[in-house]
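Student: data-v9.cif is the file, holding mmCIF, N, CA and C atoms:
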data_final
#
loop_
_atom_site.label_atom_id
_atom_site.label_comp_id
_atom_site.auth_asym_id
_atom_site.auth_seq_id
_atom_site.Cartn_x
_atom_site.Cartn_y
_atom_site.Cartn_z
N MET B 1 -36.58 -7.70 -16.73
CA MET B 1 -35.43 -7.08 -17.35
C MET B 1 -34.48 -6.51 -16.32
N GLY B 2 -33.19 -6.71 -16.53
CA GLY B 2 -32.19 -6.18 -15.61
C GLY B 2 -31.85 -4.74 -15.94
N LYS B 3 -30.91 -4.23 -15.19
CA LYS B 3 -30.42 -2.87 -15.43
C LYS B 3 -29.78 -2.79 -16.81
N ALA B 4 -29.92 -1.63 -17.42
CA ALA B 4 -29.24 -1.41 -18.70
C ALA B 4 -27.74 -1.37 -18.45
N ARG B 5 -26.98 -1.90 -19.38
CA ARG B 5 -25.52 -1.84 -19.25
C ARG B 5 -25.07 -0.41 -19.46
N PRO B 6 -24.06 0.01 -18.70
CA PRO B 6 -23.55 1.37 -18.89
C PRO B 6 -22.95 1.52 -20.28
N LYS B 7 -23.08 2.72 -20.84
CA LYS B 7 -22.55 2.92 -22.20
C LYS B 7 -21.09 3.34 -22.19
N ASP B 8 -20.60 3.83 -21.05
CA ASP B 8 -19.18 4.18 -20.96
C ASP B 8 -18.71 4.07 -19.51
N VAL B 9 -17.41 4.29 -19.32
CA VAL B 9 -16.82 4.10 -18.00
C VAL B 9 -17.38 5.10 -16.99
N ALA B 10 -17.58 6.34 -17.40
CA ALA B 10 -18.13 7.35 -16.48
C ALA B 10 -19.51 6.92 -15.98
N GLU B 11 -20.33 6.40 -16.87
CA GLU B 11 -21.67 5.95 -16.47
C GLU B 11 -21.57 4.74 -15.54
N TYR B 12 -20.63 3.84 -15.81
CA TYR B 12 -20.43 2.69 -14.92
C TYR B 12 -20.08 3.19 -13.52
N LEU B 13 -19.08 4.08 -13.44
CA LEU B 13 -18.63 4.57 -12.13
C LEU B 13 -19.72 5.32 -11.40
N ALA B 14 -20.53 6.07 -12.14
CA ALA B 14 -21.63 6.82 -11.51
C ALA B 14 -22.61 5.88 -10.82
N GLY B 15 -22.72 4.65 -11.30
CA GLY B 15 -23.65 3.69 -10.72
C GLY B 15 -23.08 2.87 -9.58
N VAL B 16 -21.81 3.08 -9.26
CA VAL B 16 -21.16 2.30 -8.19
C VAL B 16 -21.24 3.10 -6.89
N PRO B 17 -21.76 2.48 -5.82
CA PRO B 17 -21.84 3.20 -4.54
C PRO B 17 -20.46 3.36 -3.89
N GLU B 18 -20.34 4.37 -3.03
CA GLU B 18 -19.12 4.52 -2.24
C GLU B 18 -19.11 3.42 -1.18
N PRO B 19 -17.96 2.96 -0.71
CA PRO B 19 -16.62 3.46 -1.00
C PRO B 19 -16.01 2.89 -2.28
N ALA B 20 -16.68 1.93 -2.91
CA ALA B 20 -16.10 1.29 -4.09
C ALA B 20 -15.86 2.28 -5.23
N ARG B 21 -16.74 3.27 -5.40
CA ARG B 21 -16.56 4.23 -6.50
C ARG B 21 -15.22 4.94 -6.38
N GLY B 22 -14.90 5.42 -5.19
CA GLY B 22 -13.63 6.10 -4.97
C GLY B 22 -12.45 5.18 -5.22
N THR B 23 -12.57 3.94 -4.81
CA THR B 23 -11.51 2.95 -5.03
C THR B 23 -11.28 2.75 -6.52
N LEU B 24 -12.38 2.58 -7.27
CA LEU B 24 -12.24 2.35 -8.72
C LEU B 24 -11.75 3.60 -9.45
N LYS B 25 -12.19 4.77 -9.00
CA LYS B 25 -11.72 6.02 -9.64
C LYS B 25 -10.21 6.17 -9.46
N ARG B 26 -9.73 5.83 -8.28
CA ARG B 26 -8.30 5.91 -8.01
C ARG B 26 -7.55 4.92 -8.90
N MET B 27 -8.07 3.69 -9.00
CA MET B 27 -7.43 2.69 -9.86
C MET B 27 -7.40 3.18 -11.31
N ARG B 28 -8.51 3.72 -11.76
CA ARG B 28 -8.59 4.21 -13.15
C ARG B 28 -7.52 5.27 -13.39
N ALA B 29 -7.35 6.19 -12.45
CA ALA B 29 -6.35 7.25 -12.59
C ALA B 29 -4.94 6.66 -12.65
N MET B 30 -4.67 5.66 -11.82
CA MET B 30 -3.34 5.03 -11.82
C MET B 30 -3.09 4.30 -13.15
N ILE B 31 -4.09 3.60 -13.64
CA ILE B 31 -3.95 2.88 -14.91
C ILE B 31 -3.71 3.90 -16.03
N ARG B 32 -4.52 4.94 -16.05
CA ARG B 32 -4.38 5.97 -17.10
C ARG B 32 -3.00 6.62 -17.07
N SER B 33 -2.38 6.68 -15.90
CA SER B 33 -1.08 7.35 -15.78
C SER B 33 0.05 6.55 -16.43
N VAL B 34 -0.16 5.28 -16.72
CA VAL B 34 0.92 4.47 -17.29
C VAL B 34 0.63 3.89 -18.68
N VAL B 35 -0.61 3.92 -19.14
CA VAL B 35 -0.90 3.31 -20.45
C VAL B 35 -0.40 4.20 -21.59
N PRO B 36 -0.01 3.57 -22.69
CA PRO B 36 0.48 4.34 -23.83
C PRO B 36 -0.63 5.10 -24.55
N ALA B 37 -0.22 6.09 -25.35
CA ALA B 37 -1.18 6.80 -26.20
C ALA B 37 -1.84 5.75 -27.09
N GLY B 38 -3.08 5.96 -27.39
CA GLY B 38 -3.80 5.00 -28.23
C GLY B 38 -4.57 3.97 -27.44
N THR B 39 -4.38 3.97 -26.13
CA THR B 39 -5.15 3.06 -25.28
C THR B 39 -6.57 3.62 -25.18
N THR B 40 -7.56 2.75 -25.27
CA THR B 40 -8.95 3.20 -25.17
C THR B 40 -9.61 2.57 -23.95
N GLU B 41 -10.66 3.25 -23.48
CA GLU B 41 -11.46 2.73 -22.38
C GLU B 41 -12.83 2.38 -22.95
N VAL B 42 -13.26 1.16 -22.70
CA VAL B 42 -14.55 0.70 -23.20
C VAL B 42 -15.26 -0.06 -22.09
N ILE B 43 -16.53 -0.33 -22.32
CA ILE B 43 -17.25 -1.26 -21.46
C ILE B 43 -17.27 -2.58 -22.21
N SER B 44 -16.70 -3.61 -21.61
CA SER B 44 -16.66 -4.93 -22.23
C SER B 44 -17.17 -5.92 -21.19
N TYR B 45 -18.09 -6.77 -21.58
CA TYR B 45 -18.73 -7.70 -20.64
C TYR B 45 -19.31 -6.94 -19.44
N GLY B 46 -19.75 -5.71 -19.68
CA GLY B 46 -20.42 -4.93 -18.64
C GLY B 46 -19.51 -4.22 -17.66
N ILE B 47 -18.18 -4.30 -17.87
CA ILE B 47 -17.26 -3.66 -16.92
C ILE B 47 -16.24 -2.79 -17.65
N PRO B 48 -15.67 -1.79 -16.94
CA PRO B 48 -14.66 -0.93 -17.55
C PRO B 48 -13.42 -1.73 -17.94
N THR B 49 -13.00 -1.54 -19.19
CA THR B 49 -11.87 -2.27 -19.73
C THR B 49 -10.97 -1.32 -20.51
N PHE B 50 -9.68 -1.45 -20.30
CA PHE B 50 -8.69 -0.70 -21.07
C PHE B 50 -8.22 -1.61 -22.20
N ARG B 51 -8.18 -1.05 -23.41
CA ARG B 51 -7.71 -1.80 -24.57
C ARG B 51 -6.47 -1.13 -25.15
N TYR B 52 -5.43 -1.92 -25.34
CA TYR B 52 -4.21 -1.47 -26.01
C TYR B 52 -3.76 -2.64 -26.88
N LYS B 53 -3.96 -2.52 -28.18
CA LYS B 53 -3.73 -3.59 -29.15
C LYS B 53 -4.78 -4.69 -29.01
N ARG B 54 -5.18 -4.99 -27.80
CA ARG B 54 -6.26 -5.93 -27.47
C ARG B 54 -6.61 -5.66 -26.02
N GLY B 55 -7.43 -6.49 -25.40
CA GLY B 55 -7.77 -6.27 -24.00
C GLY B 55 -6.52 -6.17 -23.14
N LEU B 56 -6.45 -5.16 -22.28
CA LEU B 56 -5.28 -4.95 -21.43
C LEU B 56 -5.59 -5.30 -19.98
N VAL B 57 -6.45 -4.50 -19.35
CA VAL B 57 -6.87 -4.75 -17.96
C VAL B 57 -8.32 -4.27 -17.82
N ALA B 58 -8.98 -4.78 -16.79
CA ALA B 58 -10.35 -4.35 -16.50
C ALA B 58 -10.51 -4.31 -14.98
N PHE B 59 -11.57 -3.63 -14.53
CA PHE B 59 -11.85 -3.58 -13.09
C PHE B 59 -13.35 -3.49 -12.89
N ALA B 60 -13.80 -3.84 -11.69
CA ALA B 60 -15.23 -3.82 -11.42
C ALA B 60 -15.47 -3.83 -9.92
N ALA B 61 -16.66 -3.39 -9.55
CA ALA B 61 -17.10 -3.44 -8.16
C ALA B 61 -18.21 -4.47 -8.04
N PHE B 62 -18.19 -5.22 -6.96
CA PHE B 62 -19.22 -6.20 -6.66
C PHE B 62 -19.76 -5.88 -5.28
N THR B 63 -20.70 -6.63 -4.80
CA THR B 63 -21.34 -6.32 -3.53
C THR B 63 -20.35 -6.23 -2.37
N ASN B 64 -19.44 -7.20 -2.28
CA ASN B 64 -18.55 -7.27 -1.12
C ASN B 64 -17.07 -7.06 -1.42
N HIS B 65 -16.73 -6.78 -2.66
CA HIS B 65 -15.32 -6.59 -3.01
C HIS B 65 -15.21 -5.89 -4.36
N CYS B 66 -14.00 -5.47 -4.67
CA CYS B 66 -13.68 -4.98 -6.01
C CYS B 66 -12.76 -6.02 -6.64
N SER B 67 -12.70 -6.00 -7.96
CA SER B 67 -11.81 -6.92 -8.67
C SER B 67 -11.02 -6.18 -9.72
N PHE B 68 -9.82 -6.68 -9.95
CA PHE B 68 -8.94 -6.18 -11.01
C PHE B 68 -8.61 -7.38 -11.88
N PHE B 69 -8.78 -7.21 -13.18
CA PHE B 69 -8.59 -8.30 -14.12
C PHE B 69 -7.45 -7.96 -15.09
N PRO B 70 -6.24 -8.45 -14.86
CA PRO B 70 -5.21 -8.28 -15.88
C PRO B 70 -5.56 -9.31 -16.95
N LEU B 71 -5.90 -8.88 -18.13
CA LEU B 71 -6.49 -9.77 -19.11
C LEU B 71 -5.49 -10.70 -19.78
N GLY B 72 -4.46 -11.02 -19.06
CA GLY B 72 -3.49 -12.05 -19.42
C GLY B 72 -3.13 -12.68 -18.09
N ALA B 73 -3.85 -13.72 -17.70
CA ALA B 73 -3.74 -14.28 -16.36
C ALA B 73 -2.32 -14.62 -15.95
N SER B 74 -1.49 -15.00 -16.92
CA SER B 74 -0.12 -15.42 -16.60
C SER B 74 0.69 -14.29 -15.96
N VAL B 75 0.29 -13.05 -16.18
CA VAL B 75 1.06 -11.93 -15.63
C VAL B 75 1.07 -11.96 -14.10
N LEU B 76 0.03 -12.48 -13.49
CA LEU B 76 -0.03 -12.51 -12.03
C LEU B 76 1.01 -13.45 -11.43
N ASP B 77 1.43 -14.45 -12.19
CA ASP B 77 2.43 -15.40 -11.68
C ASP B 77 3.71 -14.69 -11.28
N SER B 78 4.07 -13.64 -12.01
CA SER B 78 5.32 -12.95 -11.69
C SER B 78 5.20 -12.01 -10.50
N PHE B 79 4.01 -11.88 -9.94
CA PHE B 79 3.81 -10.98 -8.79
C PHE B 79 3.32 -11.73 -7.55
N LYS B 80 3.54 -13.05 -7.53
CA LYS B 80 3.02 -13.88 -6.43
C LYS B 80 3.36 -13.33 -5.05
N GLU B 81 4.63 -12.97 -4.85
CA GLU B 81 5.07 -12.50 -3.54
C GLU B 81 4.34 -11.21 -3.15
N GLU B 82 4.23 -10.27 -4.08
CA GLU B 82 3.59 -8.99 -3.79
C GLU B 82 2.07 -9.12 -3.62
N LEU B 83 1.51 -10.20 -4.14
CA LEU B 83 0.05 -10.38 -4.09
C LEU B 83 -0.41 -11.29 -2.97
N LYS B 84 0.52 -11.74 -2.11
CA LYS B 84 0.14 -12.75 -1.12
C LYS B 84 -0.94 -12.28 -0.14
N GLU B 85 -1.08 -10.97 0.06
CA GLU B 85 -2.12 -10.50 0.99
C GLU B 85 -3.47 -10.28 0.30
N PHE B 86 -3.54 -10.57 -1.00
CA PHE B 86 -4.79 -10.41 -1.74
C PHE B 86 -5.33 -11.77 -2.15
N ARG B 87 -6.62 -11.82 -2.40
CA ARG B 87 -7.23 -13.05 -2.89
C ARG B 87 -7.06 -13.06 -4.41
N VAL B 88 -6.42 -14.09 -4.91
CA VAL B 88 -6.16 -14.22 -6.34
C VAL B 88 -6.83 -15.50 -6.82
N SER B 89 -7.61 -15.39 -7.89
CA SER B 89 -8.20 -16.59 -8.46
C SER B 89 -8.32 -16.45 -9.96
N LYS B 90 -7.81 -17.41 -10.69
CA LYS B 90 -7.92 -17.47 -12.15
C LYS B 90 -7.78 -16.11 -12.84
N GLY B 91 -6.69 -15.45 -12.60
CA GLY B 91 -6.44 -14.20 -13.30
C GLY B 91 -7.21 -13.00 -12.77
N THR B 92 -7.73 -13.11 -11.56
CA THR B 92 -8.48 -12.00 -10.96
C THR B 92 -7.95 -11.71 -9.57
N LEU B 93 -7.80 -10.43 -9.27
CA LEU B 93 -7.43 -10.01 -7.92
C LEU B 93 -8.67 -9.45 -7.25
N HIS B 94 -8.95 -9.91 -6.05
CA HIS B 94 -10.08 -9.40 -5.27
C HIS B 94 -9.51 -8.59 -4.11
N PHE B 95 -10.15 -7.48 -3.80
CA PHE B 95 -9.69 -6.66 -2.68
C PHE B 95 -10.88 -5.92 -2.09
N PRO B 96 -10.74 -5.41 -0.85
CA PRO B 96 -11.86 -4.74 -0.18
C PRO B 96 -12.36 -3.52 -0.94
N LEU B 97 -13.65 -3.23 -0.78
CA LEU B 97 -14.28 -2.08 -1.44
C LEU B 97 -13.56 -0.77 -1.15
N ASP B 98 -13.02 -0.66 0.04
CA ASP B 98 -12.44 0.62 0.48
C ASP B 98 -10.92 0.60 0.51
N LYS B 99 -10.29 -0.41 -0.08
CA LYS B 99 -8.83 -0.50 -0.01
C LYS B 99 -8.28 -0.91 -1.37
N PRO B 100 -7.94 0.09 -2.21
CA PRO B 100 -7.44 -0.24 -3.55
C PRO B 100 -6.09 -0.95 -3.48
N LEU B 101 -5.74 -1.57 -4.57
CA LEU B 101 -4.41 -2.15 -4.67
C LEU B 101 -3.40 -1.03 -4.52
N PRO B 102 -2.22 -1.31 -3.96
CA PRO B 102 -1.20 -0.26 -3.85
C PRO B 102 -0.89 0.30 -5.25
N ASP B 103 -0.76 1.63 -5.35
CA ASP B 103 -0.54 2.28 -6.64
C ASP B 103 0.66 1.69 -7.39
N ALA B 104 1.78 1.52 -6.70
CA ALA B 104 2.99 1.04 -7.36
C ALA B 104 2.79 -0.37 -7.91
N LEU B 105 2.12 -1.22 -7.16
CA LEU B 105 1.87 -2.59 -7.61
C LEU B 105 0.93 -2.59 -8.82
N LEU B 106 -0.12 -1.80 -8.75
CA LEU B 106 -1.06 -1.71 -9.87
C LEU B 106 -0.34 -1.26 -11.14
N LYS B 107 0.50 -0.25 -11.02
CA LYS B 107 1.24 0.26 -12.18
C LYS B 107 2.18 -0.81 -12.73
N LYS B 108 2.84 -1.57 -11.86
CA LYS B 108 3.75 -2.62 -12.32
C LYS B 108 3.00 -3.69 -13.10
N ILE B 109 1.82 -4.08 -12.60
CA ILE B 109 1.04 -5.11 -13.30
C ILE B 109 0.57 -4.58 -14.66
N VAL B 110 0.11 -3.33 -14.69
CA VAL B 110 -0.35 -2.75 -15.96
C VAL B 110 0.82 -2.68 -16.95
N ARG B 111 1.99 -2.26 -16.48
CA ARG B 111 3.16 -2.19 -17.37
C ARG B 111 3.53 -3.58 -17.91
N ALA B 112 3.40 -4.60 -17.06
CA ALA B 112 3.70 -5.97 -17.49
C ALA B 112 2.70 -6.41 -18.56
N ARG B 113 1.44 -6.02 -18.40
CA ARG B 113 0.42 -6.36 -19.41
C ARG B 113 0.69 -5.62 -20.72
N ILE B 114 1.12 -4.36 -20.65
CA ILE B 114 1.45 -3.61 -21.86
C ILE B 114 2.56 -4.35 -22.61
N ALA B 115 3.59 -4.78 -21.86
CA ALA B 115 4.71 -5.50 -22.48
C ALA B 115 4.21 -6.79 -23.13
N GLN B 116 3.30 -7.50 -22.47
CA GLN B 116 2.73 -8.72 -23.07
C GLN B 116 2.03 -8.40 -24.37
N ASN B 117 1.18 -7.38 -24.35
CA ASN B 117 0.44 -7.03 -25.57
C ASN B 117 1.36 -6.55 -26.69
N GLU B 118 2.43 -5.86 -26.34
CA GLU B 118 3.37 -5.40 -27.35
C GLU B 118 4.18 -6.55 -27.92
N GLY B 119 4.38 -7.60 -27.11
CA GLY B 119 5.17 -8.75 -27.54
C GLY B 119 4.42 -9.68 -28.50
N ARG B 120 3.10 -9.56 -28.52
CA ARG B 120 2.30 -10.42 -29.40
C ARG B 120 2.18 -9.80 -30.78
N LYS B 121 2.24 -10.63 -31.77
CA LYS B 121 2.09 -10.13 -33.15
C LYS B 121 0.66 -10.31 -33.60
#
Represent the structure contained in this file as structure tokens.

Tutor:
Amino acid sequence: MGKARPKDVAEYLAGVPEPARGTLKRMRAMIRSVVPAGTTEVISYGIPTFRYKRGLVAFAAFTNHCSFFPLGASVLDSFKEELKEFRVSKGTLHFPLDKPLPDALLKKIVRARIAQNEGRK
């Protein structure tokens, strides 16, 4: 049997070793600073996920990197130039454990995802 899945985001973060924990906590704070009222934080597929109308964004720590998942892969296309120094694959951004995405860029991507979710009926 594997590890039990965390029941909430705080429990997930508590299980992440540094420096990744600090990186993810900072990302979480930046995301929370721009999401609308009514946005919820859940564990989905074993990772912290923000939901606003539907899945919005998610993040996770892995052995050698952290990942940010804008849950609408097409949103990354509009940030190609700003993301050129990061590894991008199929709707996922990978970055070093100790180097979060720049705050302003993270906020712009989250705002773009909010607009996508608001645009869908």

Student: Pick out the residues sitting within 8 Å of Ala58 of chain B, and hand them over as a list in words; count only C-alpha atoms, and ignore anything fewer than 6 positions along from it in its own chain.

Tutor: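 Returned residues: Ile47, Pro48, Thr49, Phe50, Phe68, Phe69, Pro70 and Leu71 of chain B.
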
Student: From the set B:Glu41, B:Leu56, B:Pro6, B:Val16, which residue has the shortest atom-to-atom contact distance to Ile114 of chain B, counting only N, CA and C atoms?

Tutor: B:Leu56

Student: Using all atoms listed in the file, which residue out of B:Lys80, B:Arg113, B:Lys107, B:Arg51 lies closest to Val34 of chain B?

Tutor: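 Distance minimum relative to Val34 of chain B lands on B:Lys107.
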
Student: For the structure provided, state which residues fall under the PyMOL selection byres ((chain B and resi 20) around 8), and present them as a list of chain:residue names.

Tutor: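 That expression, the PyMOL selection byres ((chain B and resi 20) around 8), corresponds here to B:Leu13, B:Val16, B:Pro17, B:Glu18, B:Pro19, B:Arg21, B:Gly22, B:Thr23, B:Leu24, B:Lys25, B:Arg26, B:Ala60, B:Ala61, B:Phe62, B:His65, B:Cys66, B:Pro96, B:Leu97, B:Asp98, B:Lys99.
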
Student: Output N, CA and C atoms of each residue in that selection to a file, as a short mmCIF file (atom, residue, chain, number, x, y, z; two decimals), in the frame of the given file.

Tutor:
data_model
loop_
_atom_site.label_atom_id
_atom_site.label_comp_id
_atom_site.auth_asym_id
_atom_site.auth_seq_id
_atom_site.Cartn_x
_atom_site.Cartn_y
_atom_site.Cartn_z
N LEU B 13 -19.08 4.08 -13.44
CA LEU B 13 -18.63 4.57 -12.13
C LEU B 13 -19.72 5.32 -11.40
N VAL B 16 -21.81 3.08 -9.26
CA VAL B 16 -21.16 2.30 -8.19
C VAL B 16 -21.24 3.10 -6.89
N PRO B 17 -21.76 2.48 -5.82
CA PRO B 17 -21.84 3.20 -4.54
C PRO B 17 -20.46 3.36 -3.89
N GLU B 18 -20.34 4.37 -3.03
CA GLU B 18 -19.12 4.52 -2.24
C GLU B 18 -19.11 3.42 -1.18
N PRO B 19 -17.96 2.96 -0.71
CA PRO B 19 -16.62 3.46 -1.00
C PRO B 19 -16.01 2.89 -2.28
N ARG B 21 -16.74 3.27 -5.40
CA ARG B 21 -16.56 4.23 -6.50
C ARG B 21 -15.22 4.94 -6.38
N GLY B 22 -14.90 5.42 -5.19
CA GLY B 22 -13.63 6.10 -4.97
C GLY B 22 -12.45 5.18 -5.22
N THR B 23 -12.57 3.94 -4.81
CA THR B 23 -11.51 2.95 -5.03
C THR B 23 -11.28 2.75 -6.52
N LEU B 24 -12.38 2.58 -7.27
CA LEU B 24 -12.24 2.35 -8.72
C LEU B 24 -11.75 3.60 -9.45
N LYS B 25 -12.19 4.77 -9.00
CA LYS B 25 -11.72 6.02 -9.64
C LYS B 25 -10.21 6.17 -9.46
N ARG B 26 -9.73 5.83 -8.28
CA ARG B 26 -8.30 5.91 -8.01
C ARG B 26 -7.55 4.92 -8.90
N ALA B 60 -13.80 -3.84 -11.69
CA ALA B 60 -15.23 -3.82 -11.42
C ALA B 60 -15.47 -3.83 -9.92
N ALA B 61 -16.66 -3.39 -9.55
CA ALA B 61 -17.10 -3.44 -8.16
C ALA B 61 -18.21 -4.47 -8.04
N PHE B 62 -18.19 -5.22 -6.96
CA PHE B 62 -19.22 -6.20 -6.66
C PHE B 62 -19.76 -5.88 -5.28
N HIS B 65 -16.73 -6.78 -2.66
CA HIS B 65 -15.32 -6.59 -3.01
C HIS B 65 -15.21 -5.89 -4.36
N CYS B 66 -14.00 -5.47 -4.67
CA CYS B 66 -13.68 -4.98 -6.01
C CYS B 66 -12.76 -6.02 -6.64
N PRO B 96 -10.74 -5.41 -0.85
CA PRO B 96 -11.86 -4.74 -0.18
C PRO B 96 -12.36 -3.52 -0.94
N LEU B 97 -13.65 -3.23 -0.78
CA LEU B 97 -14.28 -2.08 -1.44
C LEU B 97 -13.56 -0.77 -1.15
N ASP B 98 -13.02 -0.66 0.04
CA ASP B 98 -12.44 0.62 0.48
C ASP B 98 -10.92 0.60 0.51
N LYS B 99 -10.29 -0.41 -0.08
CA LYS B 99 -8.83 -0.50 -0.01
C LYS B 99 -8.28 -0.91 -1.37
#

Student: Restricting the calculation to only C-alpha atoms, which member of B:Ala4, B:Ala14, B:Val88, B:Val57 is positioned closest to Thr40 of chain B?

Tutor: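 So, comparing all the options, the nearest one is B:Val57.
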
Student: Identify all residues satisfying the PyMOL selection byres (((chain B and resi 86 and name CA) around 12) and name CA) in the given file; provide them as a list of chain:residue names.

Tutor: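 Output from the PyMOL selection byres (((chain B and resi 86 and name CA) around 12) and name CA), applied to this file: B:His65, B:Cys66, B:Ser67, B:Phe68, B:Leu76, B:Phe79, B:Lys80, B:Glu81, B:Glu82, B:Leu83, B:Lys84, B:Glu85, B:Arg87, B:Val88, B:Ser89, B:Thr92, B:Leu93, B:His94, B:Phe95, B:Pro96, B:Lys99, B:Pro100, B:Leu101, B:Pro102, B:Leu105.
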
Student: Please compute the atom N of Ala10 of chain B-atom N of Phe59 of chain B distance, one decimal, in Å.

Tutor: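 We find that atom N of Ala10 of chain B and atom N of Phe59 of chain B lie 12.0 Å from each other.
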
Student: Based on DSSP run over this structure's backbone, return all residues of segment 27-110 of chain B in strand (DSSP E or B), as a PyMOL selection string.

Tutor: chain B and resi 40-44+47-52+54-61+66-70+87-89+92-95

Student: Between B:Tyr52, B:Arg32, B:Asp77, B:Asp103, which residue has the minimum interatomic distance to Ala115 of chain B, considering only C-alpha atoms?

Tutor: B:Tyr52

Student: Would you work out the distance separating atom CA of Ala104 of chain B from atom CA of Ser74 of chain B, expressed in Å to one decimal?

Tutor: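 A separation of 19.1 Å between them.
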
Student: In Å to one decimal, how far is atom CA of Ala37 of chain B from atom CA of Ile109 of chain B?

Tutor: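 Distance between the two atoms: 17.7 Å.
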
Student: Determine the axis-aligned bounding box of all atoms of segment 114-118 of chain B present in the file, pad each side by 3 Å, and express its centre and edge lengths in Å to one decimal place as lines of an AutoDock Vina configuration file.

Tutor:
center_x = 2.6
center_y = -6.2
center_z = -24.3
size_x = 10.3
size_y = 11.1
size_z = 13.3

Student: Between B:Ala29, B:Arg5, B:Val35, B:Ile43, single out the one closest to Val110 of chain B, counting all atoms listed in the file.

Tutor: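 Closest to Val110 of chain B of all the choices is B:Val35.
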
Student: Can you pull out every residue from chain B that DSSP, working from the backbone, puts in alpha helix (DSSP H), and format the result as number ranges by chain?

Tutor: B: 9-14, 20-34, 103-119
